[in-house]
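S.K.: Next comes the structure file query-v1.cif, holding mmCIF, C-alpha atoms.
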```
data_run
#
loop_
_atom_site.label_atom_id
_atom_site.label_comp_id
_atom_site.auth_asym_id
_atom_site.auth_seq_id
_atom_site.Cartn_x
_atom_site.Cartn_y
_atom_site.Cartn_z
CA MET A 1 -12.24 -29.37 -17.48
CA GLY A 2 -10.30 -26.56 -15.90
CA ARG A 3 -12.90 -24.00 -16.97
CA LEU A 4 -15.68 -26.07 -15.41
CA ARG A 5 -13.74 -26.32 -12.20
CA ALA A 6 -13.16 -22.54 -12.18
CA GLU A 7 -16.88 -21.88 -12.69
CA GLN A 8 -17.83 -24.14 -9.83
CA GLN A 9 -15.20 -22.40 -7.75
CA ASN A 10 -16.70 -18.99 -8.49
CA ARG A 11 -20.21 -20.15 -7.67
CA ARG A 12 -19.04 -21.55 -4.38
CA ASN A 13 -17.16 -18.36 -3.55
CA ARG A 14 -20.21 -16.27 -4.34
CA GLU A 15 -22.33 -18.37 -2.03
CA MET A 16 -19.82 -18.04 0.75
CA ARG A 17 -19.73 -14.31 0.31
CA LYS A 18 -23.52 -14.13 0.55
CA LEU A 19 -23.53 -15.95 3.87
CA ARG A 20 -20.74 -13.74 5.21
CA MET A 21 -19.41 -16.01 7.86
CA ARG A 22 -16.14 -17.80 8.41
CA SER A 23 -16.56 -20.93 6.37
CA PRO A 24 -15.28 -23.81 8.44
CA GLY A 25 -13.79 -26.37 6.19
CA SER A 26 -15.49 -25.94 2.90
CA GLY A 27 -13.73 -28.66 1.12
CA THR A 28 -12.26 -27.90 -2.23
CA SER A 29 -12.22 -24.08 -2.13
CA ASP A 30 -8.72 -23.10 -3.04
CA PRO A 31 -7.51 -19.85 -1.43
CA ASN A 32 -4.63 -19.73 -3.87
CA GLN A 33 -6.84 -19.26 -6.87
CA LEU A 34 -7.17 -15.51 -7.24
CA PHE A 35 -7.76 -15.23 -10.94
CA ASP A 36 -10.14 -17.02 -13.26
CA ASP A 37 -8.52 -19.44 -15.63
CA THR A 38 -9.19 -17.90 -19.01
CA SER A 39 -6.55 -19.72 -21.02
CA SER A 40 -8.18 -20.74 -24.27
CA GLY A 41 -7.90 -24.38 -25.19
CA SER A 42 -5.51 -25.98 -22.74
CA ALA A 43 -6.83 -26.78 -19.34
CA GLY A 44 -5.76 -25.75 -15.88
CA PHE A 45 -2.50 -24.61 -14.37
CA ARG A 46 -0.65 -27.89 -14.32
CA SER A 47 -0.53 -28.42 -18.03
CA GLN A 48 0.64 -24.84 -18.50
CA GLU A 49 3.60 -25.39 -16.23
CA ALA A 50 4.48 -28.67 -17.82
CA SER A 51 4.40 -27.50 -21.40
CA GLY A 52 7.61 -25.49 -21.12
CA LEU A 53 8.18 -23.41 -24.21
CA GLY A 54 4.97 -24.44 -25.87
CA TYR A 55 5.34 -23.66 -29.53
CA PRO A 56 4.25 -26.43 -31.85
CA ALA A 57 6.98 -28.88 -32.85
CA GLN A 58 7.70 -28.88 -36.51
CA ALA A 59 8.76 -31.66 -38.79
CA LEU A 60 12.38 -30.62 -39.23
CA LEU A 61 12.89 -30.56 -35.48
CA SER A 62 11.95 -34.17 -35.09
CA GLU A 63 15.56 -35.37 -35.23
CA PRO A 64 16.75 -36.76 -31.92
CA MET A 65 19.71 -34.35 -31.57
CA SER A 66 17.60 -31.26 -31.95
CA ASN A 67 15.01 -32.74 -29.62
CA PHE A 68 17.71 -33.19 -27.04
CA ALA A 69 18.98 -29.65 -27.60
CA MET A 70 15.47 -28.23 -27.29
CA ALA A 71 14.83 -30.12 -24.08
CA TYR A 72 18.15 -29.00 -22.63
CA GLY A 73 17.49 -25.38 -23.60
CA SER A 74 14.03 -25.40 -22.10
CA SER A 75 15.26 -26.95 -18.86
CA LEU A 76 17.96 -24.27 -18.63
CA ALA A 77 15.37 -21.56 -19.22
CA SER A 78 13.04 -22.89 -16.57
CA GLN A 79 15.92 -23.20 -14.11
CA GLY A 80 16.89 -19.59 -14.74
CA LYS A 81 13.29 -18.49 -14.39
CA GLU A 82 12.97 -20.31 -11.07
CA MET A 83 16.15 -18.71 -9.76
CA VAL A 84 15.05 -15.23 -10.78
CA ASP A 85 11.62 -15.77 -9.26
CA LYS A 86 13.06 -17.04 -6.01
CA ASN A 87 15.48 -14.14 -5.67
CA LEU A 88 12.95 -11.53 -6.70
CA ASP A 89 10.46 -12.89 -4.23
CA ARG A 90 12.84 -12.09 -1.43
CA PHE A 91 12.79 -8.36 -2.17
CA ILE A 92 9.35 -7.77 -3.61
CA PRO A 93 6.66 -10.15 -2.34
CA ILE A 94 5.19 -10.95 -5.74
CA SER A 95 2.67 -13.50 -4.49
CA LYS A 96 1.30 -11.07 -1.94
CA LEU A 97 1.11 -8.36 -4.57
CA LYS A 98 -1.00 -10.58 -6.80
CA TYR A 99 -3.73 -10.61 -4.17
CA TYR A 100 -4.08 -6.85 -4.38
CA PHE A 101 -4.60 -6.87 -8.11
CA ALA A 102 -7.30 -9.56 -8.18
CA VAL A 103 -10.08 -7.15 -9.06
CA ASP A 104 -12.84 -7.01 -11.60
CA THR A 105 -14.97 -4.28 -13.12
CA VAL A 106 -17.84 -4.59 -10.67
CA TYR A 107 -15.50 -4.21 -7.71
CA VAL A 108 -13.79 -1.17 -9.22
CA GLY A 109 -17.10 0.51 -9.98
CA LYS A 110 -18.50 -0.09 -6.52
CA LYS A 111 -15.29 0.96 -4.81
CA LEU A 112 -15.10 4.21 -6.75
CA GLY A 113 -18.67 4.93 -5.77
CA LEU A 114 -17.81 4.14 -2.17
CA LEU A 115 -14.83 6.52 -2.23
CA VAL A 116 -17.00 9.40 -3.35
CA PHE A 117 -20.12 8.55 -1.34
CA PRO A 118 -19.41 6.35 1.68
CA TYR A 119 -22.37 7.46 3.76
CA MET A 120 -24.85 4.73 2.92
CA HIS A 121 -22.58 1.72 3.29
CA GLN A 122 -23.36 -0.30 6.40
CA ASN A 123 -21.00 -3.21 6.75
CA TRP A 124 -17.32 -2.28 6.61
CA GLU A 125 -15.81 -5.55 7.75
CA VAL A 126 -13.44 -7.51 5.59
CA SER A 127 -14.67 -11.06 5.14
CA TYR A 128 -12.26 -13.93 5.62
CA GLN A 129 -11.99 -17.39 4.22
CA GLN A 130 -10.22 -19.75 6.61
CA ASP A 131 -7.97 -17.04 8.07
CA THR A 132 -6.91 -15.57 4.75
CA PRO A 133 -8.64 -12.44 3.54
CA VAL A 134 -10.90 -12.91 0.56
CA ALA A 135 -9.66 -11.51 -2.73
CA PRO A 136 -10.91 -7.97 -3.49
CA ARG A 137 -13.15 -9.10 -6.30
CA PHE A 138 -15.35 -10.92 -3.78
CA ASP A 139 -15.37 -8.35 -1.00
CA ILE A 140 -15.82 -4.66 -1.51
CA ASN A 141 -14.18 -3.76 1.80
CA ALA A 142 -10.86 -5.37 0.96
CA PRO A 143 -8.08 -2.96 -0.03
CA ASP A 144 -6.57 -3.27 -3.47
CA LEU A 145 -3.68 -1.71 -5.32
CA TYR A 146 -5.28 -1.41 -8.74
CA ILE A 147 -7.29 1.73 -7.99
CA PRO A 148 -4.41 3.57 -6.26
CA ALA A 149 -1.96 2.75 -9.04
CA MET A 150 -4.35 3.81 -11.80
CA ALA A 151 -5.43 6.89 -9.88
CA PHE A 152 -1.83 7.95 -9.36
CA ILE A 153 -1.03 7.74 -13.05
CA THR A 154 -4.28 9.47 -13.96
CA TYR A 155 -3.50 12.23 -11.48
CA ILE A 156 -0.17 12.89 -13.18
CA LEU A 157 -1.85 13.02 -16.59
CA VAL A 158 -4.61 15.31 -15.34
CA ALA A 159 -1.99 17.56 -13.73
CA GLY A 160 -0.24 17.77 -17.08
CA LEU A 161 -3.56 18.62 -18.71
CA ALA A 162 -4.30 21.33 -16.16
CA LEU A 163 -0.87 22.87 -16.55
CA GLY A 164 -1.23 22.71 -20.30
CA THR A 165 -4.42 24.75 -20.29
CA GLN A 166 -2.53 27.47 -18.45
CA ASP A 167 0.49 27.42 -20.79
CA ARG A 168 2.72 26.23 -18.00
CA PHE A 169 3.45 22.82 -19.40
CA SER A 170 6.77 21.25 -20.30
CA PRO A 171 7.68 17.55 -20.27
CA GLU A 172 9.97 17.91 -17.27
CA ILE A 173 7.06 19.13 -15.19
CA LEU A 174 5.33 15.77 -15.58
CA GLY A 175 8.34 14.05 -14.09
CA MET A 176 8.53 16.58 -11.26
CA GLN A 177 4.85 16.15 -10.46
CA ALA A 178 5.23 12.39 -10.44
CA SER A 179 8.23 12.36 -8.13
CA SER A 180 6.70 14.98 -5.81
CA ALA A 181 3.51 13.00 -5.40
CA LEU A 182 5.48 9.78 -4.92
CA VAL A 183 7.70 11.39 -2.27
CA TRP A 184 4.68 12.68 -0.35
CA LEU A 185 3.13 9.22 -0.53
CA ILE A 186 6.29 7.61 0.84
CA ILE A 187 6.52 10.21 3.62
CA GLU A 188 2.91 9.63 4.56
CA VAL A 189 3.26 5.84 4.64
CA LEU A 190 6.46 6.07 6.71
CA ALA A 191 4.84 8.46 9.17
CA THR A 192 1.85 6.15 9.52
CA LEU A 193 4.11 3.14 10.06
CA LEU A 194 6.11 5.01 12.69
CA SER A 195 3.04 6.12 14.59
CA LEU A 196 1.51 2.64 14.42
CA TYR A 197 4.74 1.27 15.89
CA LEU A 198 4.82 3.83 18.68
CA VAL A 199 1.26 3.22 19.76
CA THR A 200 1.84 -0.58 19.75
CA VAL A 201 -1.26 -1.47 17.87
CA ASN A 202 -1.82 -5.16 17.33
CA THR A 203 -3.20 -4.95 13.87
CA ASP A 204 -2.92 -6.92 10.69
CA LEU A 205 -2.40 -3.81 8.58
CA THR A 206 0.54 -4.52 6.30
CA THR A 207 2.65 -1.91 4.56
CA ILE A 208 0.93 -2.63 1.28
CA ASP A 209 -2.45 -2.05 2.96
CA LEU A 210 -1.24 1.35 4.07
CA ILE A 211 -0.01 2.18 0.59
CA ALA A 212 -3.42 1.19 -0.75
CA PHE A 213 -5.28 3.36 1.76
CA SER A 214 -3.02 6.32 1.14
CA GLY A 215 -3.51 5.91 -2.59
CA TYR A 216 -7.29 6.14 -2.44
CA LYS A 217 -7.18 9.90 -2.05
CA TYR A 218 -5.93 10.33 -5.61
CA VAL A 219 -9.43 9.55 -6.84
CA GLY A 220 -10.83 12.57 -5.02
CA MET A 221 -7.96 14.70 -6.25
CA ILE A 222 -8.64 13.77 -9.86
CA VAL A 223 -12.33 14.58 -9.54
CA GLY A 224 -11.50 17.92 -7.91
CA VAL A 225 -8.99 18.95 -10.55
CA LEU A 226 -11.34 17.98 -13.38
CA ALA A 227 -14.13 19.98 -11.76
CA GLY A 228 -11.74 22.90 -11.46
CA LEU A 229 -10.90 22.67 -15.15
CA LEU A 230 -14.54 22.59 -16.14
CA PHE A 231 -16.14 24.96 -13.67
CA GLY A 232 -13.36 27.24 -12.43
CA LYS A 233 -12.26 27.90 -8.90
CA THR A 234 -15.64 27.65 -7.18
CA GLY A 235 -16.31 24.27 -8.76
CA TYR A 236 -12.88 23.08 -7.67
CA TYR A 237 -13.35 24.14 -4.07
CA LEU A 238 -16.86 22.71 -3.79
CA ILE A 239 -16.01 19.34 -5.30
CA LEU A 240 -12.74 19.14 -3.35
CA LEU A 241 -14.60 19.83 -0.13
CA TRP A 242 -17.06 17.08 -0.92
CA CYS A 243 -14.29 14.60 -1.76
CA CYS A 244 -12.32 15.55 1.37
CA MET A 245 -15.33 14.85 3.57
CA ALA A 246 -15.95 11.59 1.75
CA ILE A 247 -12.40 10.33 2.10
CA PHE A 248 -12.32 11.43 5.75
CA VAL A 249 -15.41 9.37 6.55
CA PHE A 250 -14.14 6.47 4.46
CA MET A 251 -10.78 6.35 6.24
CA ILE A 252 -12.30 6.62 9.69
CA ARG A 253 -14.80 3.87 9.06
CA THR A 254 -12.22 1.59 7.51
CA LEU A 255 -9.44 2.18 10.03
CA ARG A 256 -11.72 2.00 13.01
CA LEU A 257 -12.18 -1.70 12.47
CA LYS A 258 -8.50 -2.31 12.04
CA ILE A 259 -6.90 -0.15 14.71
CA LEU A 260 -9.37 0.19 17.51
CA SER A 261 -10.21 -2.70 19.73
CA GLU A 262 -13.22 -4.88 19.12
CA ALA A 263 -15.47 -3.18 21.63
CA ALA A 264 -14.86 0.25 20.22
CA ALA A 265 -15.39 -0.96 16.71
CA GLU A 266 -18.95 -1.94 17.50
CA GLY A 267 -19.78 1.63 18.41
CA VAL A 268 -19.39 1.52 22.16
CA LEU A 269 -17.11 4.33 23.30
CA VAL A 270 -14.69 2.53 25.59
CA ARG A 271 -12.84 4.93 27.83
CA GLY A 272 -9.26 4.41 28.77
CA ALA A 273 -5.93 5.81 27.74
CA LYS A 274 -5.15 3.04 25.27
CA ASN A 275 -8.29 3.45 23.22
CA GLN A 276 -8.14 7.19 23.36
CA LEU A 277 -4.66 7.17 21.89
CA ARG A 278 -5.78 4.86 19.12
CA MET A 279 -8.76 7.06 18.40
CA TYR A 280 -6.47 10.06 18.09
CA LEU A 281 -4.23 8.10 15.77
CA THR A 282 -7.13 7.14 13.52
CA MET A 283 -8.34 10.72 13.47
CA ALA A 284 -4.87 11.99 12.62
CA ILE A 285 -4.42 9.56 9.74
CA ALA A 286 -7.85 10.41 8.37
CA ALA A 287 -7.31 14.15 8.78
CA ALA A 288 -4.01 14.02 6.94
CA GLN A 289 -5.78 12.89 3.77
CA PRO A 290 -7.69 16.14 3.04
CA VAL A 291 -4.55 18.14 3.85
CA PHE A 292 -2.57 16.21 1.26
CA MET A 293 -5.41 16.41 -1.22
CA TYR A 294 -5.43 20.18 -1.02
CA TRP A 295 -1.64 20.49 -0.91
CA LEU A 296 -1.10 18.44 -4.04
CA THR A 297 -3.75 20.10 -6.20
CA PHE A 298 -4.12 23.75 -5.32
CA HIS A 299 -1.23 24.85 -7.50
CA LEU A 300 -2.90 23.31 -10.54
CA ILE A 301 -5.97 25.52 -10.51
CA ARG A 302 -5.52 29.21 -11.15
CA MET B 1 7.13 21.71 -3.05
CA ALA B 2 9.09 20.30 -5.94
CA PHE B 3 10.49 17.24 -4.28
CA THR B 4 12.65 14.73 -5.96
CA LEU B 5 13.46 11.23 -4.81
CA TYR B 6 17.01 12.35 -4.20
CA ALA B 7 15.76 14.95 -1.72
CA LEU B 8 13.91 12.20 0.11
CA ILE B 9 17.05 10.09 0.30
CA GLN B 10 19.02 13.04 1.60
CA THR B 11 16.38 13.75 4.24
CA ALA B 12 16.40 10.12 5.34
CA ILE B 13 20.20 10.07 5.63
CA LEU B 14 20.21 13.28 7.65
CA CYS B 15 17.52 12.03 10.03
CA VAL B 16 19.22 8.71 10.64
CA ASN B 17 22.52 10.50 11.18
CA ALA B 18 20.85 12.70 13.76
CA ILE B 19 19.56 9.69 15.66
CA ALA B 20 22.89 7.89 15.47
CA VAL B 21 24.83 10.81 16.92
CA LEU B 22 22.99 10.84 20.24
CA HIS B 23 25.48 9.70 22.84
CA GLU B 24 24.41 7.13 25.35
CA GLU B 25 26.22 8.31 28.47
CA ARG B 26 26.54 12.00 27.95
CA PHE B 27 23.09 12.79 26.75
CA LEU B 28 20.46 10.10 26.85
CA SER B 29 21.07 9.06 30.43
CA LYS B 30 21.07 12.67 31.53
CA ILE B 31 17.55 13.22 30.27
CA GLY B 32 16.30 9.87 31.41
CA TRP B 33 16.16 8.22 28.00
CA GLY B 34 18.98 5.79 28.57
CA ALA B 35 18.83 2.19 27.48
CA ASP B 36 18.77 0.81 30.98
CA GLN B 37 16.19 3.18 32.34
CA GLY B 38 13.24 2.24 30.27
CA ILE B 39 12.48 -1.36 30.85
CA GLY B 40 9.67 -1.22 33.34
CA GLY B 41 7.75 -4.28 34.26
CA PHE B 42 6.80 -6.76 31.63
CA GLY B 43 3.28 -5.47 31.53
CA ASP B 44 1.26 -5.56 28.38
CA GLU B 45 1.48 -1.88 27.48
CA PRO B 46 5.00 -0.57 26.79
CA GLY B 47 3.93 3.02 26.36
CA ILE B 48 5.15 5.58 23.89
CA LYS B 49 8.28 6.69 25.74
CA SER B 50 9.73 3.23 26.11
CA GLN B 51 8.88 2.48 22.46
CA LEU B 52 10.76 5.61 21.45
CA MET B 53 13.75 4.68 23.57
CA ASN B 54 13.76 1.20 22.10
CA LEU B 55 13.59 2.66 18.64
CA ILE B 56 16.48 5.04 19.26
CA ARG B 57 18.61 2.31 20.75
CA SER B 58 17.91 -0.13 17.93
CA VAL B 59 18.56 2.48 15.24
CA ARG B 60 21.87 3.30 16.85
CA THR B 61 22.86 -0.34 17.06
CA VAL B 62 21.77 -1.43 13.64
CA MET B 63 22.61 1.56 11.49
CA ARG B 64 26.15 2.33 12.72
CA VAL B 65 28.06 0.45 10.07
CA PRO B 66 25.72 1.05 7.09
CA LEU B 67 25.72 4.74 7.95
CA ILE B 68 29.51 4.87 7.66
CA ILE B 69 29.28 3.40 4.18
CA VAL B 70 26.37 5.57 3.06
CA ASN B 71 27.93 8.75 4.40
CA SER B 72 31.21 8.00 2.62
CA ILE B 73 29.36 7.47 -0.65
CA CYS B 74 27.47 10.72 -0.11
CA ILE B 75 30.68 12.65 0.57
CA VAL B 76 32.37 11.28 -2.52
CA LEU B 77 29.33 12.07 -4.69
CA LEU B 78 29.09 15.59 -3.35
CA LEU B 79 32.78 16.18 -3.94
CA LEU B 80 32.59 14.90 -7.49
CA PHE B 81 29.31 16.39 -8.63
CA GLY B 82 28.65 19.33 -6.34
#
```
Take the structure in the file and write it out as structure tokens.

M.R.:
Amino acid sequence: MGRLRAEQQNRRNREMRKLRMRSPGSGTSDPNQLFDDTSSGSAGFRSQEASGLGYPAQALLSEPMSNFAMAYGSSLASQGKEMVDKNLDRFIPISKLKYYFAVDTVYVGKKLGLLVFPYMHQNWEVSYQQDTPVAPRFDINAPDLYIPAMAFITYILVAGLALGTQDRFSPEILGMQASSALVWLIIEVLATLLSLYLVTVNTDLTTIDLIAFSGYKYVGMIVGVLAGLLFGKTGYYLILLWCCMAIFVFMIRTLRLKILSEAAAEGVLVRGAKNQLRMYLTMAIAAAQPVFMYWLTFHLIR
Amino acid sequence: MAFTLYALIQTAILCVNAIAVLHEERFLSKIGWGADQGIGGFGDEPGIKSQLMNLIRSVRTVMRVPLIIVNSICIVLLLLFG
């Protein structure tokens, strides 16, 4: 029953995405359902929550005392779990993070293609569903955290590989590379946050969105380093130049819709100090990406 | 180039210390960045300078006490571990 409901849900979501408009009150669509329900056998979310521990009861546990003990233990465990969840949710917004990981293979493939070749894509707007952004698996323009996280880890591994081919590898270097890249990422996100605050932009860019956008450049860095390993220095420079241009165009086209005002986003160059400042800010954020891409990879290719 | 997370923490502590040390009367008012000199009209665009002044004032107000604690911890750690 739950699987049927999930399939109907997906069909409805796909239809809404095709129409690309704000759906006014489309009935049973549930914005909380980010992931397909693939639990085998049992149906839906409610029965999963109610089943507690869930292992099959055996014959020797059918005595009333042990039943009582099992029920008491499971209620204690669920109470502890609730408390931990509630406290953890205060520091790390787990429910918001889940949205950024609701991806599927098609989305990842298309997004990687978009990061390397963004010139043909026409519509860069993020589609909404009753004021909440649609999950990334339904909208290619939505930012996600899966690609940046995977690209970061892959970058560290590829850096280890590159250093290994030059006999410069040791296990501590992996840790140093990882913390260096993480520190530069944090610095970049903090600088972007500070400049967004100073320019008083009314935008719905959250911190996690900024982390996602800053993490997209790792894809270009990986491609550049791999090309440098295969084809030497000229290959590295050519591919890195291509990826820098691609990420520059990608960032400008994505941020333009979020930072600049509506009129400027449609292509009309609105004059005025406010928009000019925002345009400079967008340009600066986008121009910082190629700088970081070169800075974090040039020492890996000799 | 080889940054560690500890270097980032040190940088952050140093920067916040630098902002917290700016004196209201002796320095900020002299260069026109005082707390009472920035609030223009209640128009819609605050402007960069007033945003900066607000930021400096709020950092100084909020981070006074935590900075005392963090600096003490840092001093003790440096004394113990060099």

S.K.: Given the PyMOL selection byres ((chain B and resi 33) around 12) and the file above, list the residues it selects as a PyMOL selection string.

M.R.: chain B and resi 22-32+34-39+49-57

S.K.: Pull the closest atom pair for each residue of chain B that gets at most 6 Å from chain A, along with the distance in Å to one decimal, counting all atoms listed in the file, ordering rows by chain and then ascending residue number, as a Markdown table.

M.R.:
```
| residue | atom | partner | partner_atom | distance |
| --- | --- | --- | --- | --- |
| B:Ala2 | CA | A:Ser180 | CA | 5.8 |
| B:Phe3 | CA | A:Ser180 | CA | 4.7 |
| B:Thr4 | CA | A:Ser179 | CA | 5.5 |
| B:Ile48 | CA | A:Leu198 | CA | 5.5 |
| B:Gln51 | CA | A:Leu198 | CA | 5.7 |
```

S.K.: What is the atom CA of A:Leu196 to atom CA of B:Val21 distance in Å?

M.R.: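 Separation of atom CA of A:Leu196 and atom CA of B:Val21: 24.8 Å.
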
S.K.: What does the PyMOL selection byres ((chain A and resi 153) around 12) select in this file, as a PyMOL selection string?

M.R.: chain A and resi 146-152+154-160+174-175+177-179+181-182+215+218-219+221-222

S.K.: Convert the output of the PyMOL selection byres ((chain A and resi 140-144) around 8) on the shown file into explicit residues, formatted as a list in words.

M.R.: Tyr99, Tyr100, Phe101, Ala102, Val103, Tyr107, Lys110, Lys111, Trp124, Glu125, Val126, Pro133, Val134, Ala135, Pro136, Arg137, Phe138, Asp139, Leu145, Tyr146, Ile147, Pro148, Asp209, Ala212 and Phe213 of chain A

S.K.: Just how far from atom CA of B:Phe81 is atom CA of B:Ile68, in Å to one decimal?

M.R.: 20.0 Å

S.K.: To one decimal place in Å, what is the distance between atom CA of A:Leu281 and atom CA of A:Val108?

M.R.: 28.3 Å

S.K.: Calculated over all atoms listed in the file, which of the candidates A:Leu185, A:Ile94, A:Ile301, A:Ile239 has the smallest distance to A:Gln289?

M.R.: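 Counting all atoms listed in the file, the residue closest to A:Gln289 is A:Leu185.
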
S.K.: Show me, as a list in words, the residues that have an atom within 12 Å of A:Ile259 when counting all atoms listed in the file, minus same-chain residues fewer than 6 positions from it.

M.R.: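 After dropping sequence-adjacent residues, the list is Thr192, Ser195, Leu196, Tyr197, Val199, Thr200, Val201, Asn202, Thr203, Asp204, Leu205, Met251, Ile252, Arg253, Ala265, Lys274, Asn275, Gln276, Leu277, Arg278, Met279, Tyr280, Leu281, Thr282, Met283 and Ile285 of chain A.
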